[in-house]
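One file, data_9.pdb, is given below (PDB, C-alpha atoms).
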```pdb
ATOM      1  CA  MET A  30     -61.258 160.222 102.917  1.00  0.00           C
ATOM      2  CA  ALA A  31     -62.858 156.773 103.117  1.00  0.00           C
ATOM      3  CA  MET A  32     -64.632 157.402  99.819  1.00  0.00           C
ATOM      4  CA  ASN A  33     -61.335 158.414  98.165  1.00  0.00           C
ATOM      5  CA  GLU A  34     -59.609 155.292  99.491  1.00  0.00           C
ATOM      6  CA  GLN A  35     -62.432 153.086  98.218  1.00  0.00           C
ATOM      7  CA  THR A  36     -62.265 154.739  94.791  1.00  0.00           C
ATOM      8  CA  ALA A  37     -58.500 154.281  94.699  1.00  0.00           C
ATOM      9  CA  MET A  38     -58.842 150.601  95.604  1.00  0.00           C
ATOM     10  CA  GLU A  39     -61.466 150.099  92.892  1.00  0.00           C
ATOM     11  CA  ASP A  40     -59.230 151.828  90.340  1.00  0.00           C
ATOM     12  CA  LEU A  41     -56.289 149.662  91.373  1.00  0.00           C
ATOM     13  CA  ALA A  42     -58.387 146.501  91.086  1.00  0.00           C
ATOM     14  CA  PHE A  43     -59.530 147.593  87.618  1.00  0.00           C
ATOM     15  CA  ILE A  44     -55.946 148.237  86.479  1.00  0.00           C
ATOM     16  CA  ARG A  45     -54.854 144.820  87.767  1.00  0.00           C
ATOM     17  CA  LYS A  46     -57.748 143.175  85.930  1.00  0.00           C
ATOM     18  CA  VAL A  47     -56.787 144.957  82.707  1.00  0.00           C
ATOM     19  CA  MET A  48     -53.155 143.843  83.054  1.00  0.00           C
ATOM     20  CA  SER A  49     -54.198 140.277  83.838  1.00  0.00           C
ATOM     21  CA  ASP A  50     -56.524 140.080  80.836  1.00  0.00           C
ATOM     22  CA  SER A  51     -53.945 141.590  78.503  1.00  0.00           C
ATOM     23  CA  LYS A  52     -51.295 139.122  79.642  1.00  0.00           C
ATOM     24  CA  ILE A  53     -53.520 136.182  78.771  1.00  0.00           C
ATOM     25  CA  ILE A  54     -54.366 137.603  75.360  1.00  0.00           C
ATOM     26  CA  ILE A  55     -50.890 138.653  74.249  1.00  0.00           C
ATOM     27  CA  THR A  56     -48.978 135.607  75.474  1.00  0.00           C
ATOM     28  CA  GLY A  57     -51.289 133.325  73.563  1.00  0.00           C
ATOM     29  CA  ASN A  58     -50.806 135.485  70.497  1.00  0.00           C
ATOM     30  CA  GLY A  59     -47.071 134.846  70.383  1.00  0.00           C
ATOM     31  CA  ILE A  60     -47.776 132.496  67.500  1.00  0.00           C
ATOM     32  CA  ASP A  61     -49.155 135.435  65.484  1.00  0.00           C
ATOM     33  CA  PHE A  62     -45.857 137.270  65.808  1.00  0.00           C
ATOM     34  CA  ILE A  63     -43.979 134.179  64.654  1.00  0.00           C
ATOM     35  CA  ILE A  64     -46.208 133.410  61.664  1.00  0.00           C
ATOM     36  CA  TRP A  65     -46.424 137.004  60.423  1.00  0.00           C
ATOM     37  CA  GLY A  66     -42.701 137.503  60.952  1.00  0.00           C
ATOM     38  CA  ILE A  67     -41.892 134.431  58.866  1.00  0.00           C
ATOM     39  CA  ILE A  68     -44.364 135.471  56.158  1.00  0.00           C
ATOM     40  CA  VAL A  69     -42.772 138.902  55.822  1.00  0.00           C
ATOM     41  CA  VAL A  70     -39.219 137.498  55.883  1.00  0.00           C
ATOM     42  CA  VAL A  71     -40.089 135.061  53.081  1.00  0.00           C
ATOM     43  CA  GLY A  72     -41.588 137.910  51.057  1.00  0.00           C
ATOM     44  CA  LEU A  73     -38.615 140.210  51.614  1.00  0.00           C
ATOM     45  CA  VAL A  74     -36.047 137.565  50.727  1.00  0.00           C
ATOM     46  CA  TYR A  75     -38.011 136.574  47.617  1.00  0.00           C
ATOM     47  CA  THR A  76     -38.265 140.229  46.560  1.00  0.00           C
ATOM     48  CA  TYR A  77     -34.524 140.680  47.006  1.00  0.00           C
ATOM     49  CA  LEU A  78     -33.734 137.560  44.973  1.00  0.00           C
ATOM     50  CA  ASP A  79     -36.267 138.565  42.322  1.00  0.00           C
ATOM     51  CA  VAL A  80     -34.576 141.927  41.846  1.00  0.00           C
ATOM     52  CA  VAL A  81     -31.154 140.263  41.624  1.00  0.00           C
ATOM     53  CA  PHE A  82     -32.071 137.267  39.459  1.00  0.00           C
ATOM     54  CA  ASP A  83     -35.284 138.512  37.755  1.00  0.00           C
ATOM     55  CA  PHE A  84     -37.639 135.599  38.448  1.00  0.00           C
ATOM     56  CA  SER A  85     -40.575 135.062  36.111  1.00  0.00           C
ATOM     57  CA  PHE A  86     -43.117 135.022  38.975  1.00  0.00           C
ATOM     58  CA  GLY A  87     -43.705 138.670  39.970  1.00  0.00           C
ATOM     59  CA  ASN A  88     -43.339 140.248  43.405  1.00  0.00           C
ATOM     60  CA  ALA A  89     -46.920 141.501  43.489  1.00  0.00           C
ATOM     61  CA  TYR A  90     -48.367 137.997  43.088  1.00  0.00           C
ATOM     62  CA  THR A  91     -46.025 136.630  45.751  1.00  0.00           C
ATOM     63  CA  TRP A  92     -47.012 139.307  48.252  1.00  0.00           C
ATOM     64  CA  PHE A  93     -50.724 138.900  47.489  1.00  0.00           C
ATOM     65  CA  ILE A  94     -50.449 135.188  48.275  1.00  0.00           C
ATOM     66  CA  LEU A  95     -48.334 135.644  51.415  1.00  0.00           C
ATOM     67  CA  VAL A  96     -50.326 138.520  52.914  1.00  0.00           C
ATOM     68  CA  GLY A  97     -53.622 136.858  51.992  1.00  0.00           C
ATOM     69  CA  ALA A  98     -52.533 133.664  53.737  1.00  0.00           C
ATOM     70  CA  GLY A  99     -51.485 135.689  56.782  1.00  0.00           C
ATOM     71  CA  TRP A 100     -54.835 137.462  57.020  1.00  0.00           C
ATOM     72  CA  ILE A 101     -56.748 134.201  56.664  1.00  0.00           C
ATOM     73  CA  PHE A 102     -54.627 132.618  59.407  1.00  0.00           C
ATOM     74  CA  SER A 103     -55.107 135.546  61.810  1.00  0.00           C
ATOM     75  CA  LEU A 104     -58.842 135.912  61.228  1.00  0.00           C
ATOM     76  CA  VAL A 105     -59.583 132.187  61.568  1.00  0.00           C
ATOM     77  CA  LYS A 106     -57.361 131.779  64.632  1.00  0.00           C
ATOM     78  CA  ASN A 107     -58.719 134.796  66.488  1.00  0.00           C
ATOM     79  CA  MET A 108     -62.347 134.050  65.608  1.00  0.00           C
ATOM     80  CA  LYS A 109     -61.943 130.561  67.051  1.00  0.00           C
ATOM     81  CA  TYR A 110     -60.308 131.942  70.176  1.00  0.00           C
ATOM     82  CA  PHE A 111     -62.904 134.615  70.934  1.00  0.00           C
ATOM     83  CA  LYS A 112     -65.731 132.213  70.153  1.00  0.00           C
ATOM     84  CA  ARG A 113     -64.277 129.759  72.669  1.00  0.00           C
ATOM     85  CA  THR A 114     -63.370 132.194  75.468  1.00  0.00           C
ATOM     86  CA  LYS A 115     -65.667 135.182  74.794  1.00  0.00           C
ATOM     87  CA  VAL A 116     -62.950 137.509  76.122  1.00  0.00           C
ATOM     88  CA  SER A 117     -64.096 141.115  75.971  1.00  0.00           C
ATOM     89  CA  SER A 118     -61.769 143.138  78.193  1.00  0.00           C
ATOM     90  CA  LEU A 119     -60.626 146.709  77.705  1.00  0.00           C
ATOM     91  CA  SER A 120     -57.011 145.604  77.313  1.00  0.00           C
ATOM     92  CA  GLY A 121     -58.015 142.972  74.785  1.00  0.00           C
ATOM     93  CA  LYS A 122     -59.894 145.568  72.756  1.00  0.00           C
ATOM     94  CA  ILE A 123     -56.932 147.966  72.868  1.00  0.00           C
ATOM     95  CA  LEU A 124     -54.414 145.320  71.799  1.00  0.00           C
ATOM     96  CA  GLY A 125     -56.722 143.874  69.174  1.00  0.00           C
ATOM     97  CA  ALA A 126     -57.475 147.295  67.689  1.00  0.00           C
ATOM     98  CA  THR A 127     -53.796 148.253  67.753  1.00  0.00           C
ATOM     99  CA  TRP A 128     -52.564 145.215  65.830  1.00  0.00           C
ATOM    100  CA  PHE A 129     -55.559 145.075  63.504  1.00  0.00           C
ATOM    101  CA  SER A 130     -55.068 148.730  62.539  1.00  0.00           C
ATOM    102  CA  LEU A 131     -51.357 148.066  62.043  1.00  0.00           C
ATOM    103  CA  GLY A 132     -52.184 145.195  59.678  1.00  0.00           C
ATOM    104  CA  ILE A 133     -54.562 147.371  57.672  1.00  0.00           C
ATOM    105  CA  SER A 134     -52.036 150.226  57.514  1.00  0.00           C
ATOM    106  CA  ALA A 135     -49.188 147.919  56.447  1.00  0.00           C
ATOM    107  CA  THR A 136     -51.384 146.363  53.753  1.00  0.00           C
ATOM    108  CA  ILE A 137     -52.270 149.824  52.414  1.00  0.00           C
ATOM    109  CA  PHE A 138     -48.612 150.893  52.461  1.00  0.00           C
ATOM    110  CA  GLY A 139     -47.537 147.732  50.676  1.00  0.00           C
ATOM    111  CA  PHE A 140     -50.202 147.550  47.970  1.00  0.00           C
ATOM    112  CA  VAL A 141     -52.210 150.743  47.525  1.00  0.00           C
ATOM    113  CA  GLY A 142     -49.334 153.165  48.003  1.00  0.00           C
ATOM    114  CA  THR A 143     -46.991 151.495  45.546  1.00  0.00           C
ATOM    115  CA  LEU A 144     -49.561 150.420  42.933  1.00  0.00           C
ATOM    116  CA  SER A 145     -50.895 153.992  42.838  1.00  0.00           C
ATOM    117  CA  GLY A 146     -47.368 155.261  42.219  1.00  0.00           C
ATOM    118  CA  ALA A 147     -47.400 157.449  45.322  1.00  0.00           C
ATOM    119  CA  TYR A 148     -43.886 156.347  46.284  1.00  0.00           C
ATOM    120  CA  SER A 149     -41.180 153.855  45.411  1.00  0.00           C
ATOM    121  CA  GLY A 150     -41.442 150.322  46.791  1.00  0.00           C
ATOM    122  CA  VAL A 151     -38.118 150.812  48.550  1.00  0.00           C
ATOM    123  CA  TYR A 152     -39.900 152.967  51.147  1.00  0.00           C
ATOM    124  CA  ILE A 153     -42.425 150.298  52.167  1.00  0.00           C
ATOM    125  CA  SER A 154     -40.115 148.734  54.769  1.00  0.00           C
ATOM    126  CA  PRO A 155     -39.290 151.929  56.707  1.00  0.00           C
ATOM    127  CA  MET A 156     -42.947 153.003  56.647  1.00  0.00           C
ATOM    128  CA  ILE A 157     -44.105 149.678  58.046  1.00  0.00           C
ATOM    129  CA  ALA A 158     -41.262 149.701  60.593  1.00  0.00           C
ATOM    130  CA  THR A 159     -42.488 153.099  61.809  1.00  0.00           C
ATOM    131  CA  VAL A 160     -46.040 151.908  62.495  1.00  0.00           C
ATOM    132  CA  LEU A 161     -44.736 148.634  63.955  1.00  0.00           C
ATOM    133  CA  ALA A 162     -42.836 150.711  66.516  1.00  0.00           C
ATOM    134  CA  MET A 163     -46.050 152.381  67.622  1.00  0.00           C
ATOM    135  CA  ALA A 164     -47.809 149.029  67.999  1.00  0.00           C
ATOM    136  CA  TYR A 165     -44.968 147.631  70.111  1.00  0.00           C
ATOM    137  CA  LEU A 166     -44.892 150.706  72.339  1.00  0.00           C
ATOM    138  CA  ILE A 167     -48.645 150.658  72.961  1.00  0.00           C
ATOM    139  CA  SER A 168     -48.652 146.892  73.588  1.00  0.00           C
ATOM    140  CA  GLY A 169     -45.711 147.139  75.971  1.00  0.00           C
ATOM    141  CA  VAL A 170     -47.468 149.830  78.009  1.00  0.00           C
ATOM    142  CA  VAL A 171     -50.727 147.855  78.201  1.00  0.00           C
ATOM    143  CA  LEU A 172     -48.813 144.707  79.136  1.00  0.00           C
ATOM    144  CA  ASN A 173     -46.608 146.565  81.600  1.00  0.00           C
ATOM    145  CA  ARG A 174     -43.590 144.931  79.940  1.00  0.00           C
ATOM    146  CA  PHE A 175     -40.689 147.321  79.549  1.00  0.00           C
ATOM    147  CA  TRP A 176     -38.691 145.046  77.242  1.00  0.00           C
ATOM    148  CA  PHE A 177     -41.614 144.835  74.827  1.00  0.00           C
ATOM    149  CA  SER A 178     -41.976 148.616  74.726  1.00  0.00           C
ATOM    150  CA  MET A 179     -38.241 149.024  74.104  1.00  0.00           C
ATOM    151  CA  LEU A 180     -38.567 147.023  70.882  1.00  0.00           C
ATOM    152  CA  SER A 181     -40.258 150.121  69.484  1.00  0.00           C
ATOM    153  CA  VAL A 182     -36.939 151.993  69.724  1.00  0.00           C
ATOM    154  CA  CYS A 183     -35.284 149.302  67.588  1.00  0.00           C
ATOM    155  CA  TRP A 184     -38.021 149.600  64.969  1.00  0.00           C
ATOM    156  CA  TRP A 185     -37.797 153.401  64.879  1.00  0.00           C
ATOM    157  CA  LEU A 186     -34.020 153.341  64.542  1.00  0.00           C
ATOM    158  CA  GLY A 187     -34.291 150.774  61.758  1.00  0.00           C
ATOM    159  CA  ALA A 188     -36.903 152.919  60.008  1.00  0.00           C
ATOM    160  CA  ILE A 189     -34.646 155.969  60.159  1.00  0.00           C
ATOM    161  CA  TYR A 190     -31.747 153.973  58.693  1.00  0.00           C
ATOM    162  CA  MET A 191     -33.876 152.613  55.844  1.00  0.00           C
ATOM    163  CA  PHE A 192     -35.283 156.068  55.061  1.00  0.00           C
ATOM    164  CA  ILE A 193     -31.771 157.528  54.874  1.00  0.00           C
ATOM    165  CA  PHE A 194     -30.342 154.599  52.888  1.00  0.00           C
ATOM    166  CA  PRO A 195     -33.263 153.423  50.686  1.00  0.00           C
ATOM    167  CA  TYR A 196     -31.361 150.864  48.678  1.00  0.00           C
ATOM    168  CA  LEU A 197     -31.853 147.206  47.784  1.00  0.00           C
ATOM    169  CA  HIS A 198     -30.055 146.029  50.907  1.00  0.00           C
ATOM    170  CA  SER A 199     -32.821 147.580  53.036  1.00  0.00           C
ATOM    171  CA  LEU A 200     -34.882 144.485  52.193  1.00  0.00           C
ATOM    172  CA  ILE A 201     -32.310 142.355  54.003  1.00  0.00           C
ATOM    173  CA  VAL A 202     -32.184 144.874  56.860  1.00  0.00           C
ATOM    174  CA  MET A 203     -35.967 144.652  57.257  1.00  0.00           C
ATOM    175  CA  ALA A 204     -35.865 140.847  57.077  1.00  0.00           C
ATOM    176  CA  SER A 205     -33.201 140.776  59.807  1.00  0.00           C
ATOM    177  CA  MET A 206     -35.271 143.129  61.965  1.00  0.00           C
ATOM    178  CA  MET A 207     -38.329 140.937  61.499  1.00  0.00           C
ATOM    179  CA  LEU A 208     -36.436 137.880  62.692  1.00  0.00           C
ATOM    180  CA  THR A 209     -34.807 139.696  65.626  1.00  0.00           C
ATOM    181  CA  PHE A 210     -37.571 142.022  66.820  1.00  0.00           C
ATOM    182  CA  GLN A 211     -40.703 140.055  65.897  1.00  0.00           C
ATOM    183  CA  VAL A 212     -40.076 136.330  65.463  1.00  0.00           C
ATOM    184  CA  VAL A 213     -37.783 136.036  68.499  1.00  0.00           C
ATOM    185  CA  PRO A 214     -40.128 138.049  70.802  1.00  0.00           C
ATOM    186  CA  GLY A 215     -42.980 135.935  69.434  1.00  0.00           C
ATOM    187  CA  ILE A 216     -41.129 132.775  70.444  1.00  0.00           C
ATOM    188  CA  VAL A 217     -40.543 134.247  73.917  1.00  0.00           C
ATOM    189  CA  LEU A 218     -44.252 135.038  74.326  1.00  0.00           C
ATOM    190  CA  TYR A 219     -45.247 131.631  72.982  1.00  0.00           C
ATOM    191  CA  MET A 220     -42.930 129.843  75.420  1.00  0.00           C
ATOM    192  CA  GLU A 221     -44.262 131.948  78.300  1.00  0.00           C
ATOM    193  CA  SER A 222     -47.838 131.038  77.411  1.00  0.00           C
ATOM    194  CA  LYS A 223     -46.921 127.373  77.074  1.00  0.00           C
ATOM    195  CA  LYS A 224     -45.187 127.418  80.435  1.00  0.00           C
ATOM    196  CA  SER A 225     -48.070 129.162  82.203  1.00  0.00           C
ATOM    197  CA  GLY A 226     -50.749 127.098  80.464  1.00  0.00           C
ATOM    198  CA  GLU A 227     -52.344 130.223  78.929  1.00  0.00           C
ATOM    199  CA  MET A 228     -52.348 128.911  75.370  1.00  0.00           C
ATOM    200  CA  ILE A 229     -54.774 130.346  72.839  1.00  0.00           C
TER     201      ILE A 229
END
```
Starting from the coordinates I provided, produce the structure as structure tokens.
Amino acid sequence: MAMNEQTAMEDLAFIRKVMSDSKIIITGNGIDFIIWGIIVVVGLVYTYLDVVFDFSFGNAYTWFILVGAGWIFSLVKNMKYFKRTKVSSLSGKILGATWFSLGISATIFGFVGTLSGAYSGVYISPMIATVLAMAYLISGVVLNRFWFSMLSVCWWLGAIYMFIFPYLHSLIVMASMMLTFQVVPGIVLYMESKKSGEMI
């Protein structure tokens, strides 16, 4: 019985350590949510206006520039952070792998899928919204933050709507979702990190 109690206490201490580490990592990364959210909103709005007004500068070039800038920002920022803190926790690895894999998947959906002709560009938003939902759910569970996990429901519902109604206005729907369910939560996380002094 004593051995079981000791094991349980060690497991509990490990879980608390994981939660503590993940809180530090994700709150500091609120800025990533804000920057990427703004990048995607700019791209979506530009794409919408380009379709309506037929700009001379193509969508593909715009997205290459925006997504490239986003990747450079994320890689430089996170390399500086991990070099400074040398954080290597299980929760950090889970969260890092989750959002990195989401970024790779979204990039493939946005560029490879459409340029290969596999599907129409109108389906990019609901596909990305679907994988975003998974990332939010996983992150919310690791963080033990119910409100963060519940954002996944909003993304899934939005994805369903955009799959059913794959029209031009879905670009505005996706842009609105990005502002509401990514930029705003990013601001909340950023303010929490600033308040607690856990800035990255």
Can you list, as number ranges by chain, the residues that the PyMOL selection byres ((chain A and resi 94-103) around 12) selects here? A: 58-73, 75, 86-93, 104-110, 125, 128-129, 132-133, 135-137, 139-140
Let's have the selection written as a PDB file, keeping the file's coordinate frame, with C-alpha atoms.
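File result-v8.pdb, as written:
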```pdb
ATOM      1  CA  ASN A  58     -50.806 135.485  70.497  1.00  0.00           C
ATOM      2  CA  GLY A  59     -47.071 134.846  70.383  1.00  0.00           C
ATOM      3  CA  ILE A  60     -47.776 132.496  67.500  1.00  0.00           C
ATOM      4  CA  ASP A  61     -49.155 135.435  65.484  1.00  0.00           C
ATOM      5  CA  PHE A  62     -45.857 137.270  65.808  1.00  0.00           C
ATOM      6  CA  ILE A  63     -43.979 134.179  64.654  1.00  0.00           C
ATOM      7  CA  ILE A  64     -46.208 133.410  61.664  1.00  0.00           C
ATOM      8  CA  TRP A  65     -46.424 137.004  60.423  1.00  0.00           C
ATOM      9  CA  GLY A  66     -42.701 137.503  60.952  1.00  0.00           C
ATOM     10  CA  ILE A  67     -41.892 134.431  58.866  1.00  0.00           C
ATOM     11  CA  ILE A  68     -44.364 135.471  56.158  1.00  0.00           C
ATOM     12  CA  VAL A  69     -42.772 138.902  55.822  1.00  0.00           C
ATOM     13  CA  VAL A  70     -39.219 137.498  55.883  1.00  0.00           C
ATOM     14  CA  VAL A  71     -40.089 135.061  53.081  1.00  0.00           C
ATOM     15  CA  GLY A  72     -41.588 137.910  51.057  1.00  0.00           C
ATOM     16  CA  LEU A  73     -38.615 140.210  51.614  1.00  0.00           C
ATOM     17  CA  TYR A  75     -38.011 136.574  47.617  1.00  0.00           C
ATOM     18  CA  PHE A  86     -43.117 135.022  38.975  1.00  0.00           C
ATOM     19  CA  GLY A  87     -43.705 138.670  39.970  1.00  0.00           C
ATOM     20  CA  ASN A  88     -43.339 140.248  43.405  1.00  0.00           C
ATOM     21  CA  ALA A  89     -46.920 141.501  43.489  1.00  0.00           C
ATOM     22  CA  TYR A  90     -48.367 137.997  43.088  1.00  0.00           C
ATOM     23  CA  THR A  91     -46.025 136.630  45.751  1.00  0.00           C
ATOM     24  CA  TRP A  92     -47.012 139.307  48.252  1.00  0.00           C
ATOM     25  CA  PHE A  93     -50.724 138.900  47.489  1.00  0.00           C
ATOM     26  CA  LEU A 104     -58.842 135.912  61.228  1.00  0.00           C
ATOM     27  CA  VAL A 105     -59.583 132.187  61.568  1.00  0.00           C
ATOM     28  CA  LYS A 106     -57.361 131.779  64.632  1.00  0.00           C
ATOM     29  CA  ASN A 107     -58.719 134.796  66.488  1.00  0.00           C
ATOM     30  CA  MET A 108     -62.347 134.050  65.608  1.00  0.00           C
ATOM     31  CA  LYS A 109     -61.943 130.561  67.051  1.00  0.00           C
ATOM     32  CA  TYR A 110     -60.308 131.942  70.176  1.00  0.00           C
ATOM     33  CA  GLY A 125     -56.722 143.874  69.174  1.00  0.00           C
ATOM     34  CA  TRP A 128     -52.564 145.215  65.830  1.00  0.00           C
ATOM     35  CA  PHE A 129     -55.559 145.075  63.504  1.00  0.00           C
ATOM     36  CA  GLY A 132     -52.184 145.195  59.678  1.00  0.00           C
ATOM     37  CA  ILE A 133     -54.562 147.371  57.672  1.00  0.00           C
ATOM     38  CA  ALA A 135     -49.188 147.919  56.447  1.00  0.00           C
ATOM     39  CA  THR A 136     -51.384 146.363  53.753  1.00  0.00           C
ATOM     40  CA  ILE A 137     -52.270 149.824  52.414  1.00  0.00           C
ATOM     41  CA  GLY A 139     -47.537 147.732  50.676  1.00  0.00           C
ATOM     42  CA  PHE A 140     -50.202 147.550  47.970  1.00  0.00           C
TER      43      PHE A 140
END
```
Near Ala162 of chain A, counting only C-alpha atoms, which residues have an atom at most 12 Å away, once you skip same-chain residues fewer than 2 positions from it, shown as a PyMOL selection string? chain A and resi 127-128+131+155-160+164-169+177-189+206-207+210-211
Which of A:Val202, A:Val212, A:Glu221, A:Leu197 sits closest to Tyr77 of chain A [using all atoms listed in the file]: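 Ranked by minimum distance to Tyr77 of chain A, first place goes to A:Leu197.
Here atom CA of Phe82 of chain A and atom CA of Leu208 of chain A stand 23.6 Å from one another.
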With all atoms listed in the file as the atoms that count, which of A:Tyr196, A:Phe84, A:Ile201, A:Leu161 lies nearest to Ser134 of chain A?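 Residue with the minimum atom-to-atom distance to Ser134 of chain A: A:Leu161.
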For atom CA of Ile153 of chain A and atom CA of Ile193 of chain A, the interatomic separation in Å (one decimal):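 For atom CA of Ile153 of chain A relative to atom CA of Ile193 of chain A, the distance reads 13.2 Å.
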Figure out the distance between atom CA of Pro195 of chain A and atom CA of Pro214 of chain A, please, to one decimal in Å. 26.2 Å
Listed atoms of segment 118-128 of chain A, axis-aligned box, 3 Å per side: centre and edge lengths to one decimal in Å, as lines of an AutoDock Vina configuration file?
```
center_x = -57.2
center_y = 145.6
center_z = 72.0
size_x = 15.2
size_y = 11.3
size_z = 18.4
```
